[in-house]
>>> print(open('structure-v2.cif').read())   # mmCIF, C-alpha atoms
data_protein
#
loop_
_atom_site.label_atom_id
_atom_site.label_comp_id
_atom_site.auth_asym_id
_atom_site.auth_seq_id
_atom_site.Cartn_x
_atom_site.Cartn_y
_atom_site.Cartn_z
CA MET A 1 31.10 49.25 276.44
CA VAL A 2 31.27 45.76 275.01
CA ARG A 3 32.06 45.34 271.33
CA THR A 4 30.41 42.56 269.43
CA PRO A 5 32.86 40.09 267.92
CA LEU A 6 33.84 40.74 264.33
CA THR A 7 32.47 38.49 261.65
CA PRO A 8 34.87 36.52 259.47
CA GLU A 9 34.01 38.90 256.63
CA GLU A 10 34.94 41.94 258.73
CA ARG A 11 38.24 40.34 259.71
CA GLU A 12 39.00 39.52 256.05
CA ARG A 13 38.16 43.09 255.01
CA GLY A 14 40.61 44.37 257.64
CA GLU A 15 43.30 42.03 256.36
CA ARG A 16 42.71 43.24 252.77
CA LEU A 17 43.03 46.84 253.96
CA GLY A 18 46.29 46.03 255.72
CA ARG A 19 47.73 44.37 252.62
CA LEU A 20 46.69 47.31 250.45
CA LEU A 21 48.30 49.83 252.78
CA ARG A 22 51.54 47.81 253.08
CA GLN A 23 51.73 47.51 249.29
CA ALA A 24 51.03 51.23 248.76
CA ARG A 25 53.61 52.16 251.43
CA GLY A 26 56.30 50.40 249.40
CA GLY A 27 59.77 51.31 250.64
CA ARG A 28 58.60 54.13 252.91
CA SER A 29 59.00 53.46 256.61
CA MET A 30 55.97 52.82 258.77
CA THR A 31 57.08 55.66 261.05
CA GLU A 32 57.26 58.15 258.15
CA VAL A 33 53.84 57.24 256.75
CA ALA A 34 52.21 57.25 260.19
CA ALA A 35 53.67 60.67 261.02
CA ASP A 36 52.56 62.10 257.68
CA ALA A 37 49.03 60.76 258.33
CA GLY A 38 48.95 62.10 261.89
CA ILE A 39 48.67 58.70 263.57
CA SER A 40 51.05 56.63 265.65
CA ALA A 41 53.28 54.01 264.09
CA GLU A 42 51.65 51.50 266.45
CA THR A 43 48.22 52.30 265.03
CA LEU A 44 49.50 51.83 261.48
CA ARG A 45 51.16 48.57 262.48
CA LYS A 46 47.90 47.28 263.95
CA ILE A 47 45.97 48.24 260.81
CA GLU A 48 48.55 46.69 258.48
CA THR A 49 48.62 43.43 260.44
CA GLY A 50 44.83 43.18 260.72
CA ARG A 51 44.81 43.63 264.50
CA ALA A 52 42.73 46.80 264.03
CA PRO A 53 40.40 45.62 261.26
CA THR A 54 37.89 48.47 261.62
CA PRO A 55 39.89 51.70 261.81
CA ALA A 56 38.10 55.04 261.93
CA PHE A 57 37.09 56.57 258.61
CA PHE A 58 39.31 59.62 259.07
CA THR A 59 42.30 57.40 259.85
CA VAL A 60 41.78 55.49 256.61
CA ALA A 61 41.22 58.75 254.71
CA ALA A 62 44.45 60.24 256.10
CA LEU A 63 46.43 57.13 255.19
CA ALA A 64 44.90 57.02 251.71
CA GLY A 65 45.85 60.65 251.14
CA VAL A 66 49.43 60.13 252.28
CA LEU A 67 49.78 57.00 250.15
CA GLY A 68 48.17 58.49 247.04
CA LEU A 69 45.13 56.21 247.11
CA SER A 70 41.60 57.35 246.41
CA MET A 71 38.90 56.34 248.86
CA ASP A 72 37.07 54.72 245.94
CA ASP A 73 40.14 52.55 245.31
CA VAL A 74 40.44 51.64 249.00
CA ALA A 75 36.75 50.73 249.22
CA GLY A 76 36.81 48.83 245.93
CA ARG A 77 39.86 46.79 246.86
CA CYS A 78 38.80 46.04 250.43
CA THR A 79 35.18 45.12 249.85
CA PRO A 80 34.49 41.65 248.50
CA ALA A 81 32.78 41.47 245.15
CA ALA A 82 29.06 40.96 245.39
CA PRO A 83 27.98 37.45 244.46
CA ALA A 84 26.64 37.19 240.94
CA ALA A 85 22.88 37.17 240.69
CA PRO A 86 21.44 33.90 239.45
CA ALA A 87 20.52 33.88 235.78
CA PRO A 88 16.80 34.13 235.20
CA SER A 89 15.21 30.86 234.31
CA VAL A 90 13.68 30.57 230.89
CA ALA A 91 10.37 28.77 230.69
CA ALA A 92 10.16 26.38 227.73
#
>>> encode(input="structure-v2.cif", output="structure tokens")
Amino acid sequence: MVRTPLTPEERERGERLGRLLRQARGGRSMTEVAADAGISAETLRKIETGRAPTPAFFTVAALAGVLGLSMDDVAGRCTPAAPAAPAPSVAA
């Protein structure tokens, strides 16, 4: 199976997820958080560094639960804001 290359937006989203998880992990060790989430420390390291920018939903959900994050918060902080719609033009 050949994966299509990630878009720049997908890579940036993965980097935002990694930053969020590192920040939420705080002083806890990567090994401790990974074990609590039921994943390997290597998987968590790849996610945090952006090398695994599209982790499985259940992996993200497990990490969010361990780190006390809601999935709404994760999605909101990892998805870029939608561009503002242009203001309607007013006919004179």
>>> atom_distance(input="structure-v2.cif", atom1="CA of Ile47 (chain A)", atom2="CA of Glu15 (chain A)")
8.1 Å
>>> resolve_selection(input="structure-v2.cif", expression="the PyMOL selection byres ((chain A and resi 10) around 12)", output="MDAnalysis selection string")
chainID A and resid 4:9 11:17 50:55 78:80
>>> write_last_selection(input="structure-v2.cif", atoms="C-alpha atoms", output="mmCIF file, in the coordinates of the input")
data_model
loop_
_atom_site.group_PDB
_atom_site.id
_atom_site.type_symbol
_atom_site.label_atom_id
_atom_site.label_comp_id
_atom_site.auth_asym_id
_atom_site.auth_seq_id
_atom_site.Cartn_x
_atom_site.Cartn_y
_atom_site.Cartn_z
ATOM 1 C CA THR A 4 30.410 42.560 269.430
ATOM 2 C CA PRO A 5 32.860 40.090 267.920
ATOM 3 C CA LEU A 6 33.840 40.740 264.330
ATOM 4 C CA THR A 7 32.470 38.490 261.650
ATOM 5 C CA PRO A 8 34.870 36.520 259.470
ATOM 6 C CA GLU A 9 34.010 38.900 256.630
ATOM 7 C CA ARG A 11 38.240 40.340 259.710
ATOM 8 C CA GLU A 12 39.000 39.520 256.050
ATOM 9 C CA ARG A 13 38.160 43.090 255.010
ATOM 10 C CA GLY A 14 40.610 44.370 257.640
ATOM 11 C CA GLU A 15 43.300 42.030 256.360
ATOM 12 C CA ARG A 16 42.710 43.240 252.770
ATOM 13 C CA LEU A 17 43.030 46.840 253.960
ATOM 14 C CA GLY A 50 44.830 43.180 260.720
ATOM 15 C CA ARG A 51 44.810 43.630 264.500
ATOM 16 C CA ALA A 52 42.730 46.800 264.030
ATOM 17 C CA PRO A 53 40.400 45.620 261.260
ATOM 18 C CA THR A 54 37.890 48.470 261.620
ATOM 19 C CA PRO A 55 39.890 51.700 261.810
ATOM 20 C CA CYS A 78 38.800 46.040 250.430
ATOM 21 C CA THR A 79 35.180 45.120 249.850
ATOM 22 C CA PRO A 80 34.490 41.650 248.500
#
>>> residues_near_point(input="structure-v2.cif", point="(40.6, 56.9, 253.0)", cutoff="9 Å", atoms="all atoms listed in the file", output="list of chain:residue names")
A:Phe57, A:Phe58, A:Thr59, A:Val60, A:Ala61, A:Ala62, A:Leu63, A:Ala64, A:Gly65, A:Leu69, A:Ser70, A:Met71, A:Asp72, A:Asp73, A:Val74, A:Ala75
>>> closest_residue(input="structure-v2.cif", among="A:Arg3, A:Arg77, A:Arg25, A:Arg19", to="Ala37 (chain A)", atoms="only C-alpha atoms")
A:Arg25
>>> atom_distance(input="structure-v2.cif", atom1="CA of Gln23 (chain A)", atom2="CA of Thr49 (chain A)")
12.3 Å
